[in-house]
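S.K.: Input run_21.txt, format and content: compact mmCIF, C-alpha atoms.
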```txt
# COMPACT_ATOMS: atom_id res chain seq x y z
CA MET I 519 99.93 -24.61 156.75
CA ALA I 520 100.79 -26.16 153.38
CA LYS I 521 104.29 -27.47 152.95
CA LYS I 522 106.37 -25.58 150.38
CA ILE I 523 107.04 -27.55 147.22
CA ASP I 524 110.74 -27.92 146.43
CA GLU I 525 111.81 -27.46 142.83
CA TRP I 526 114.76 -29.33 141.41
CA LEU I 527 116.24 -28.88 137.95
CA VAL I 528 118.19 -31.81 136.51
CA VAL I 529 120.21 -30.80 133.45
CA ASP I 530 121.66 -33.08 130.78
CA GLY I 531 124.84 -31.04 130.45
CA TYR I 532 126.23 -32.10 127.09
CA ASN I 533 122.74 -32.03 125.57
CA VAL I 534 122.35 -28.38 126.61
CA ILE I 535 125.85 -27.49 125.41
CA GLY I 536 125.31 -29.31 122.11
CA THR I 537 121.91 -27.91 121.22
CA THR I 538 122.45 -24.27 122.02
CA THR I 539 123.71 -21.54 119.75
CA ASN I 540 125.13 -19.74 122.77
CA LEU I 541 128.67 -18.95 121.60
CA LYS I 542 130.24 -18.97 125.06
CA TRP I 543 129.08 -22.60 125.50
CA THR I 544 130.08 -23.81 122.05
CA SER I 545 133.52 -22.24 121.74
CA GLY I 546 135.16 -25.56 120.89
CA ASN I 547 136.77 -25.89 124.31
CA LEU I 548 134.67 -28.45 126.16
CA GLU I 549 136.11 -27.67 129.60
CA GLN I 550 135.38 -23.96 129.13
CA ALA I 551 131.85 -24.78 127.93
CA ARG I 552 131.23 -26.90 131.07
CA THR I 553 132.61 -24.17 133.34
CA THR I 554 130.48 -21.47 131.73
CA LEU I 555 127.36 -23.63 131.91
CA ILE I 556 128.04 -24.27 135.62
CA GLN I 557 128.44 -20.53 136.25
CA ASP I 558 125.21 -19.71 134.43
CA LEU I 559 123.31 -22.48 136.25
CA SER I 560 124.70 -21.26 139.58
CA GLU I 561 123.28 -17.79 138.91
CA TYR I 562 120.01 -19.33 137.72
CA GLN I 563 119.81 -21.39 140.92
CA ALA I 564 120.34 -18.28 143.05
CA ILE I 565 117.70 -16.32 141.14
CA THR I 566 115.01 -19.01 140.97
CA GLY I 567 115.60 -20.91 144.20
CA ARG I 568 115.56 -24.21 142.30
CA ARG I 569 118.15 -26.79 143.29
CA VAL I 570 120.27 -27.55 140.21
CA ILE I 571 121.79 -30.96 139.45
CA LEU I 572 123.97 -31.01 136.34
CA VAL I 573 124.73 -34.41 134.79
CA PHE I 574 127.51 -35.11 132.30
CA ASP I 575 128.13 -38.36 130.43
CA ALA I 576 131.34 -40.02 131.51
CA HIS I 577 130.43 -43.50 130.30
CA ASN I 578 133.50 -43.66 128.04
CA THR I 579 135.84 -42.68 130.86
CA PRO I 580 137.36 -45.28 133.17
CA GLY I 581 136.41 -45.05 136.82
CA GLY I 582 133.32 -44.66 138.91
CA GLN I 583 130.73 -41.98 139.20
CA MET I 584 132.01 -38.65 140.48
CA THR I 585 129.99 -35.94 142.20
CA GLU I 586 131.25 -32.49 143.08
CA ILE I 587 129.78 -29.18 144.13
CA ARG I 588 130.91 -26.33 141.91
CA GLU I 589 129.55 -22.85 142.57
CA LYS I 590 126.76 -24.44 144.64
CA VAL I 591 125.66 -26.60 141.69
CA GLU I 592 125.76 -30.37 142.15
CA VAL I 593 127.76 -31.69 139.17
CA ILE I 594 127.60 -35.41 138.48
CA TYR I 595 129.79 -37.33 136.03
CA THR I 596 128.22 -40.72 135.35
CA GLN I 597 130.05 -43.96 135.95
CA LYS I 598 131.67 -46.05 133.25
CA GLU I 599 129.13 -47.49 130.80
CA GLU I 600 126.30 -45.29 132.13
CA THR I 601 124.84 -42.47 130.07
CA ALA I 602 123.50 -39.22 131.47
CA ASP I 603 120.04 -40.30 130.26
CA GLU I 604 120.22 -43.51 132.29
CA TYR I 605 121.43 -41.65 135.36
CA ILE I 606 118.70 -38.99 135.06
CA GLU I 607 115.95 -41.62 134.71
CA GLN I 608 117.16 -43.40 137.87
CA PHE I 609 117.59 -40.09 139.68
CA VAL I 610 114.00 -39.04 138.94
CA ARG I 611 112.70 -42.44 140.02
CA ARG I 612 114.65 -42.31 143.32
CA ASN I 613 113.81 -38.70 144.16
CA LYS I 614 110.21 -38.18 143.10
CA ASN I 615 108.12 -36.94 145.96
CA PRO I 616 104.69 -35.29 146.32
CA HIS I 617 106.41 -32.27 147.87
CA ARG I 618 108.96 -31.88 145.08
CA ASN I 619 108.71 -30.85 141.44
CA ILE I 620 111.56 -32.22 139.34
CA PHE I 621 112.26 -30.54 136.01
CA VAL I 622 114.53 -32.25 133.48
CA ALA I 623 116.25 -30.12 130.85
CA THR I 624 117.08 -32.08 127.70
CA SER I 625 116.19 -31.95 124.05
CA ASP I 626 116.39 -35.73 123.72
CA PHE I 627 112.76 -36.60 122.89
CA LEU I 628 112.96 -40.17 124.18
CA GLU I 629 114.48 -38.96 127.45
CA GLN I 630 111.76 -36.33 127.79
CA ARG I 631 109.09 -39.01 127.43
CA MET I 632 110.80 -41.35 129.92
CA VAL I 633 111.09 -38.76 132.69
CA PHE I 634 107.62 -37.38 132.01
CA GLY I 635 106.28 -40.91 132.46
CA GLN I 636 107.98 -41.00 135.86
CA GLY I 637 106.33 -37.78 137.00
CA ALA I 638 108.99 -35.19 136.18
CA TYR I 639 108.41 -32.08 134.12
CA ARG I 640 110.37 -31.73 130.93
CA ILE I 641 111.83 -28.66 129.30
CA SER I 642 113.96 -28.47 126.20
CA SER I 643 117.55 -27.32 126.29
CA ARG I 644 116.61 -24.22 124.31
CA GLU I 645 113.86 -23.39 126.82
CA LEU I 646 116.37 -23.68 129.66
CA VAL I 647 118.80 -21.35 127.89
CA GLN I 648 115.95 -18.87 127.38
CA ASP I 649 114.88 -19.21 131.05
CA ILE I 650 118.45 -18.48 132.18
CA HIS I 651 118.62 -15.43 129.93
CA THR I 652 115.19 -14.16 131.07
CA ALA I 653 115.99 -14.68 134.77
CA LYS I 654 119.23 -12.70 134.39
CA GLN I 655 117.40 -9.88 132.59
CA ARG I 656 114.69 -9.69 135.29
CA LEU I 657 117.30 -9.59 138.03
CA SER I 658 119.23 -6.87 136.23
CA GLN I 659 116.07 -4.79 135.74
CA LYS I 660 115.08 -5.28 139.38
CA LEU I 661 118.51 -4.14 140.57
CA ASP I 662 118.43 -1.14 138.21
CA LYS I 663 114.99 -0.08 139.54
CA LYS I 664 116.13 -0.50 143.13
CA GLU I 665 119.13 1.76 142.53
CA GLN I 666 116.96 4.37 140.80
CA VAL I 667 114.28 4.43 143.51
CA SER I 668 116.46 4.79 146.55
CA PRO I 669 120.17 4.15 146.74
CA LYS I 670 119.90 4.50 150.54
CA ASN I 671 116.97 2.92 152.30
CA THR I 672 116.95 3.16 156.09
CA LEU I 673 114.35 2.35 158.71
CA GLY I 674 114.28 5.99 159.73
CA ASP I 675 113.01 6.94 156.28
CA LEU I 676 109.91 4.84 156.91
CA LEU I 677 108.99 6.25 160.35
CA SER I 678 106.51 9.05 160.95
CA ILE I 679 107.78 12.37 162.34
CA ASP I 680 105.97 11.79 165.66
CA LEU I 681 107.56 8.37 166.08
CA LYS I 682 111.00 9.76 165.23
CA LYS I 683 110.58 12.43 167.95
CA LYS I 684 109.47 9.81 170.46
CA PHE I 685 112.50 7.63 169.73
CA GLU I 686 114.80 10.62 169.96
CA LYS I 687 113.40 11.44 173.44
CA TRP I 688 113.97 7.87 174.56
CA ARG I 689 117.49 7.93 173.14
CA ARG I 690 118.29 11.11 175.04
CA LYS I 691 116.31 9.89 178.09
CA LYS I 692 114.11 12.96 178.27
```
Would it be possible to restate this file's structure as C-alpha cells?

M.R.:
Amino acid sequence: MAKKIDEWLVVDGYNVIGTTTNLKWTSGNLEQARTTLIQDLSEYQAITGRRVILVFDAHNTPGGQMTEIREKVEVIYTQKEETADEYIEQFVRRNKNPHRNIFVATSDFLEQRMVFGQGAYRISSRELVQDIHTAKQRLSQKLDKKEQVSPKNTLGDLLSIDLKKKFEKWRRKK
C-alpha cells in the first residue's frame, strides 16, 4: 500500500497581508490583519487537510524566535536579524521529504525561485487568497446540499424492509 503524501503549506504572512486587496486583512490594524489571516488559514487547513505553518518577520524585534499554535495553525515569528524568507528557505531544506509536498505561499519572486530550487512548490499570495475563498465556497455549497438532501440521515433509512423486520424480531426476541 502506498504511503499517503503529506501536504504542508508555509505562508509568508506579511507578504500575503501586503499583496492582497482583501479589506479585512488590510484594515490598517496589523494585529487584526494577523488574527484574521490566522482564522482564515485555520479554516483552510481544516478544509484541505494541509498542515499550515505561518511565518512572520520579527527580525527588527529584540528576542529570539517564537512559535505558537493559534487555532491549530503553527505561527512562527522569526528571530532577531532573520527574515521570513530566510526562515522559510531553511525550513524547506530541513523538512523536505519524498513523502511530503511543501507549498510556499509568497509573491516574492526571488523567494519563489529559492524554494522551488529546493523542491518545494510555489504559489503566489493572490493564488492562496483565491484558494482560501474557493475552499470556503465549496464547503458552504457542500453543506447547503447536505441540508437540502436529508436533514436527518439515519442507518435505518438505508436498510431494506426485510432487514428492518429481522432486526425488530431480534430486538423483541421473537

S.K.: Using only C-alpha atoms, can you tell me which of I:Lys590, I:Arg644, I:Arg631, I:Lys598 comes closest to I:Gly567?

M.R.: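 Of the candidates, the smallest distance to I:Gly567 is held by I:Lys590.
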
S.K.: Between atom CA of I:Glu592 and atom CA of I:Ser560, what is the distance, to one decimal in Å?

M.R.: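 So the answer is 9.5 Å.
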
S.K.: Compile the contact shell of I:Asp575 as a tab-separated table (two decimals) with C-alpha atoms, keeping the file's coordinate frame: residues with an atom at most 12 Å away, counting all atoms listed in the file, same-chain residues fewer than 3 positions apart removed.

M.R.:
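The resulting around-v6.tsv:
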```tsv
chain	number	residue	atom	x	y	z
I	529	VAL	CA	120.21	-30.80	133.45
I	530	ASP	CA	121.66	-33.08	130.78
I	531	GLY	CA	124.84	-31.04	130.45
I	532	TYR	CA	126.23	-32.10	127.09
I	533	ASN	CA	122.74	-32.03	125.57
I	552	ARG	CA	131.23	-26.90	131.07
I	572	LEU	CA	123.97	-31.01	136.34
I	578	ASN	CA	133.50	-43.66	128.04
I	579	THR	CA	135.84	-42.68	130.86
I	580	PRO	CA	137.36	-45.28	133.17
I	582	GLY	CA	133.32	-44.66	138.91
I	583	GLN	CA	130.73	-41.98	139.20
I	584	MET	CA	132.01	-38.65	140.48
I	593	VAL	CA	127.76	-31.69	139.17
I	594	ILE	CA	127.60	-35.41	138.48
I	595	TYR	CA	129.79	-37.33	136.03
I	596	THR	CA	128.22	-40.72	135.35
I	597	GLN	CA	130.05	-43.96	135.95
I	598	LYS	CA	131.67	-46.05	133.25
I	599	GLU	CA	129.13	-47.49	130.80
I	600	GLU	CA	126.30	-45.29	132.13
I	601	THR	CA	124.84	-42.47	130.07
I	602	ALA	CA	123.50	-39.22	131.47
I	603	ASP	CA	120.04	-40.30	130.26
I	604	GLU	CA	120.22	-43.51	132.29
I	605	TYR	CA	121.43	-41.65	135.36
I	606	ILE	CA	118.70	-38.99	135.06
```

S.K.: Nearest to I:Glu607: which of I:Gln636, I:Thr652, I:Ser643, I:Thr585 is it, counting all atoms listed in the file?

M.R.: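 Of the candidates, the smallest distance to I:Glu607 is held by I:Gln636.
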
S.K.: List as a ChimeraX atom specification the protein and nucleic acid residues near I:Glu589, meaning an atom at most 12 Å away when only C-alpha atoms are counted, but skip any in the same chain fewer than 4 places from it.

M.R.: /I:553-564,570-572,593

S.K.: Please indicate the distance in Å from atom CA of I:Val534 to atom CA of I:Val622, rounded to one decimal place.

M.R.: 11.1 Å

S.K.: Find, counting only C-alpha atoms, the residue in I:Asp680, I:Ser642, I:Lys614, I:Leu673 that gets nearest to I:Thr537.

M.R.: I:Ser642

S.K.: With all atoms of stretch 601-604 of chain I from the file as input, state the centre and edge lengths in Å to one decimal of the axis-aligned box that has 4 Å extra on each side, as AutoDock Vina command-line options.

M.R.:
```
--center_x 122.4 --center_y -41.4 --center_z 131.2 --size_x 12.8 --size_y 12.3 --size_z 10.2
```
